[in-house]
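One file, input.txt, carrying compact mmCIF, C-alpha atoms and all ligand atoms:
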```txt
# COMPACT_ATOMS: atom_id res chain seq x y z
CA MET A 1332 -7.67 -7.00 -16.26
CA SER A 1333 -8.51 -5.33 -12.97
CA LEU A 1334 -8.01 -1.65 -12.29
CA LEU A 1335 -6.03 -2.48 -9.19
CA GLU A 1336 -4.75 -5.83 -8.07
CA VAL A 1337 -2.80 -6.54 -4.89
CA ARG A 1338 -1.01 -9.88 -5.04
CA ASP A 1339 0.55 -11.66 -2.07
CA LEU A 1340 1.61 -8.35 -0.51
CA HIS A 1341 3.94 -8.47 2.49
CA VAL A 1342 5.03 -5.45 4.53
CA ASP A 1343 7.53 -5.61 7.40
CA PHE A 1344 8.75 -2.93 9.78
CA HIS A 1345 12.30 -3.17 10.98
CA THR A 1346 12.44 -1.67 14.45
CA ARG A 1347 14.87 -1.76 17.36
CA ASP A 1348 12.61 -4.36 18.96
CA GLY A 1349 12.73 -6.62 15.93
CA VAL A 1350 10.84 -7.23 12.73
CA ILE A 1351 7.09 -6.57 12.77
CA LYS A 1352 5.20 -8.40 10.06
CA ALA A 1353 2.36 -5.97 9.44
CA VAL A 1354 0.97 -7.41 6.19
CA ASN A 1355 1.28 -11.10 5.39
CA GLY A 1356 0.13 -12.07 1.93
CA VAL A 1357 -2.81 -9.81 1.17
CA ASN A 1358 -4.67 -10.35 -2.09
CA TYR A 1359 -7.45 -8.23 -3.49
CA SER A 1360 -8.56 -6.67 -6.71
CA VAL A 1361 -10.80 -3.78 -7.63
CA ASP A 1362 -12.45 -3.32 -11.01
CA ALA A 1363 -13.46 -0.01 -12.53
CA GLY A 1364 -16.70 1.21 -10.94
CA GLU A 1365 -16.44 -1.29 -8.12
CA THR A 1366 -16.29 -0.47 -4.41
CA LEU A 1367 -14.30 -2.76 -2.14
CA ALA A 1368 -14.64 -2.65 1.62
CA VAL A 1369 -11.83 -4.17 3.68
CA LEU A 1370 -12.76 -5.07 7.26
CA GLY A 1371 -10.44 -6.15 10.02
CA GLU A 1372 -9.49 -5.55 13.61
CA SER A 1373 -7.31 -2.64 14.63
CA GLY A 1374 -3.69 -3.26 13.69
CA SER A 1375 -4.53 -5.91 11.11
CA GLY A 1376 -2.79 -3.94 8.35
CA LYS A 1377 -5.55 -2.16 6.44
CA SER A 1378 -3.86 1.25 6.50
CA VAL A 1379 -0.39 -0.15 5.87
CA THR A 1380 -1.73 -1.96 2.78
CA ALA A 1381 -3.25 1.32 1.54
CA GLN A 1382 0.03 3.15 2.19
CA ALA A 1383 1.91 0.52 0.21
CA ILE A 1384 -0.53 0.97 -2.70
CA MET A 1385 -0.08 4.74 -2.57
CA GLY A 1386 3.69 4.43 -2.34
CA ILE A 1387 3.87 6.48 0.85
CA LEU A 1388 5.22 3.87 3.24
CA ASP A 1389 8.17 5.09 5.24
CA MET A 1390 11.02 2.88 4.01
CA PRO A 1391 12.84 2.39 6.31
CA PRO A 1392 11.50 1.27 8.70
CA GLY A 1393 9.01 -0.31 6.28
CA ARG A 1394 9.99 -2.90 3.70
CA ILE A 1395 8.03 -4.78 1.05
CA PRO A 1396 9.80 -8.14 0.88
CA LYS A 1397 7.24 -9.78 -1.39
CA GLY A 1398 4.24 -9.03 -3.53
CA GLU A 1399 2.92 -7.08 -6.48
CA ILE A 1400 0.63 -4.05 -6.76
CA LEU A 1401 -0.73 -4.01 -10.30
CA PHE A 1402 -2.36 -0.85 -11.59
CA HIS A 1403 -3.87 -1.49 -15.04
CA GLY A 1404 -1.74 -4.66 -15.02
CA LYS A 1405 1.53 -2.88 -14.38
CA ASP A 1406 3.46 -3.53 -11.17
CA MET A 1407 3.83 -0.23 -9.35
CA LEU A 1408 6.49 -1.71 -7.10
CA ALA A 1409 8.72 -2.11 -10.15
CA MET A 1410 8.16 1.44 -11.41
CA GLY A 1411 10.54 4.33 -10.98
CA LYS A 1412 9.80 7.14 -8.53
CA GLU A 1413 8.80 9.57 -11.25
CA GLU A 1414 6.32 7.18 -12.89
CA ARG A 1415 4.71 6.48 -9.53
CA ARG A 1416 4.53 10.15 -8.68
CA LYS A 1417 2.46 10.73 -11.84
CA ILE A 1418 -0.08 8.13 -10.71
CA ARG A 1419 -0.25 9.25 -7.09
CA GLY A 1420 -2.87 11.91 -6.57
CA ALA A 1421 -3.83 12.03 -10.26
CA ARG A 1422 -4.97 8.39 -10.70
CA ILE A 1423 -5.03 6.95 -7.19
CA ALA A 1424 -5.84 8.96 -4.10
CA MET A 1425 -6.28 8.22 -0.43
CA ILE A 1426 -8.52 9.78 2.18
CA PHE A 1427 -6.66 9.41 5.43
CA GLN A 1428 -8.18 7.82 8.48
CA ASP A 1429 -7.37 10.85 10.62
CA ALA A 1430 -7.54 13.33 7.78
CA LEU A 1431 -7.29 16.45 9.89
CA SER A 1432 -3.93 15.48 11.34
CA SER A 1433 -2.46 13.97 8.17
CA LEU A 1434 -0.29 16.14 5.97
CA ASN A 1435 1.31 13.24 4.12
CA PRO A 1436 0.71 13.69 0.34
N1 LIG B 1 5.98 2.93 11.06
C1 LIG B 1 5.67 1.80 11.69
N2 LIG B 1 6.59 1.16 12.45
C2 LIG B 1 6.30 0.01 13.08
N3 LIG B 1 5.11 -0.61 13.03
C3 LIG B 1 4.15 -0.01 12.30
C4 LIG B 1 4.36 1.21 11.59
N4 LIG B 1 3.22 1.55 10.95
C5 LIG B 1 2.33 0.57 11.24
N5 LIG B 1 2.87 -0.36 12.05
C6 LIG B 1 2.22 -1.60 12.55
O1 LIG B 1 1.62 -2.27 11.47
C7 LIG B 1 0.46 -2.97 11.91
C8 LIG B 1 -0.70 -2.65 11.01
O2 LIG B 1 -1.16 -1.33 11.27
P1 LIG B 1 -2.33 -0.60 10.46
O3 LIG B 1 -2.23 0.84 10.81
O4 LIG B 1 -2.22 -0.95 9.02
O5 LIG B 1 -3.64 -1.25 11.05
P2 LIG B 1 -5.16 -0.96 10.64
O6 LIG B 1 -5.72 -2.25 10.15
O7 LIG B 1 -5.22 0.20 9.70
O8 LIG B 1 -5.79 -0.58 12.06
P3 LIG B 1 -6.97 0.46 12.43
O9 LIG B 1 -8.26 -0.29 12.22
O10 LIG B 1 -6.72 0.76 13.86
O11 LIG B 1 -6.82 1.64 11.53
C9 LIG B 1 0.26 -2.57 13.37
O12 LIG B 1 0.79 -3.60 14.17
C10 LIG B 1 1.06 -1.29 13.49
O13 LIG B 1 1.52 -1.11 14.81
MG MG B 2 -6.09 2.08 9.75
```
Mind turning this structure into structure tokens?
Amino acid sequence: MSLLEVRDLHVDFHTRDGVIKAVNGVNYSVDAGETLAVLGESGSGKSVTAQAIMGILDMPPGRIPKGEILFHGKDMLAMGKEERRKIRGARIAMIFQDALSSLNP
């Protein structure tokens, strides 16, 4: 079992101008002690995927219509807020792209 496994993750943003499909079926897994680098052009959804894993996506406008985010085999998308809060920061952390201007926990 992987430490973290992202399965067929989809993230949409519902805006006044329509639905933006930011993440369309991302799959990756990370084992304990492993480093994974995700490369892609600007706007390809790297940060939005990380925000979905952390549980800090703004919903709305964001929505996760499909996918699973398994942490130690357990789907974090199916967990309650309190259970996720215990993982966030303590078990999974994020260093923000523009760390100096980011105050989001
Ligand atoms: N709150 C939001 N509302 C609408 N669209 C959004 C929102 N947040 C992100 N997006 C869109 O989601 C898409 C993916 O953005 P994301 O920030 O994940 O890209 P990225 O791969 O991290 O790019 P970069 O390499 O520039 O950091 C982009 O089209 C972006 O405009
Ligand atoms: Mg980014």
Would you list the residues that come within 10 Å of ligand LIG 1 (chain B)? Count all atoms listed in the file and give the answer as an MDAnalysis selection string.
-> chainID A and resid 1342:1354 1369:1383 1388:1393 1427:1429
Find the spatial neighbours of range 1359-1362 of chain A, counting all atoms listed in the file, within a cut-off of 7 Å - ignore same-chain residues fewer than 6 positions away - and output them as a list in words.
-> Ser1333, Leu1334, Leu1335, Glu1336, Val1337 and Arg1338 of chain A
Could you check how far CA of Gly1420 in chain A sits from CA of Gly1386 in chain A, in Å to one decimal?
->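 It comes out at 10.8 Å.
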Using all atoms listed in the file, which of the listed residues (A:Leu1431, A:Leu1401, A:Ile1426, A:Leu1408) sits closest to ligand MG 2 (chain B)?
->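 Looking only at the distances to ligand MG 2 (chain B), the closest residue turns out to be A:Ile1426.
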Nearest-residue call for ligand MG 2 (chain B), choices A:His1403, A:Ile1395, A:Ala1430, A:Gly1364, using all atoms listed in the file =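 The closest residue to ligand MG 2 (chain B) is A:Ala1430.
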What does the distance between CA of Met1425 in chain A and CA of Phe1402 in chain A come to in Å, to one decimal place?
->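 Separation of CA of Met1425 in chain A and CA of Phe1402 in chain A: 14.9 Å.
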State, in Å with one decimal place, the distance from CA of Gly1404 in chain A to atom MG of ligand MG 2 (chain B).
-> 26.0 Å
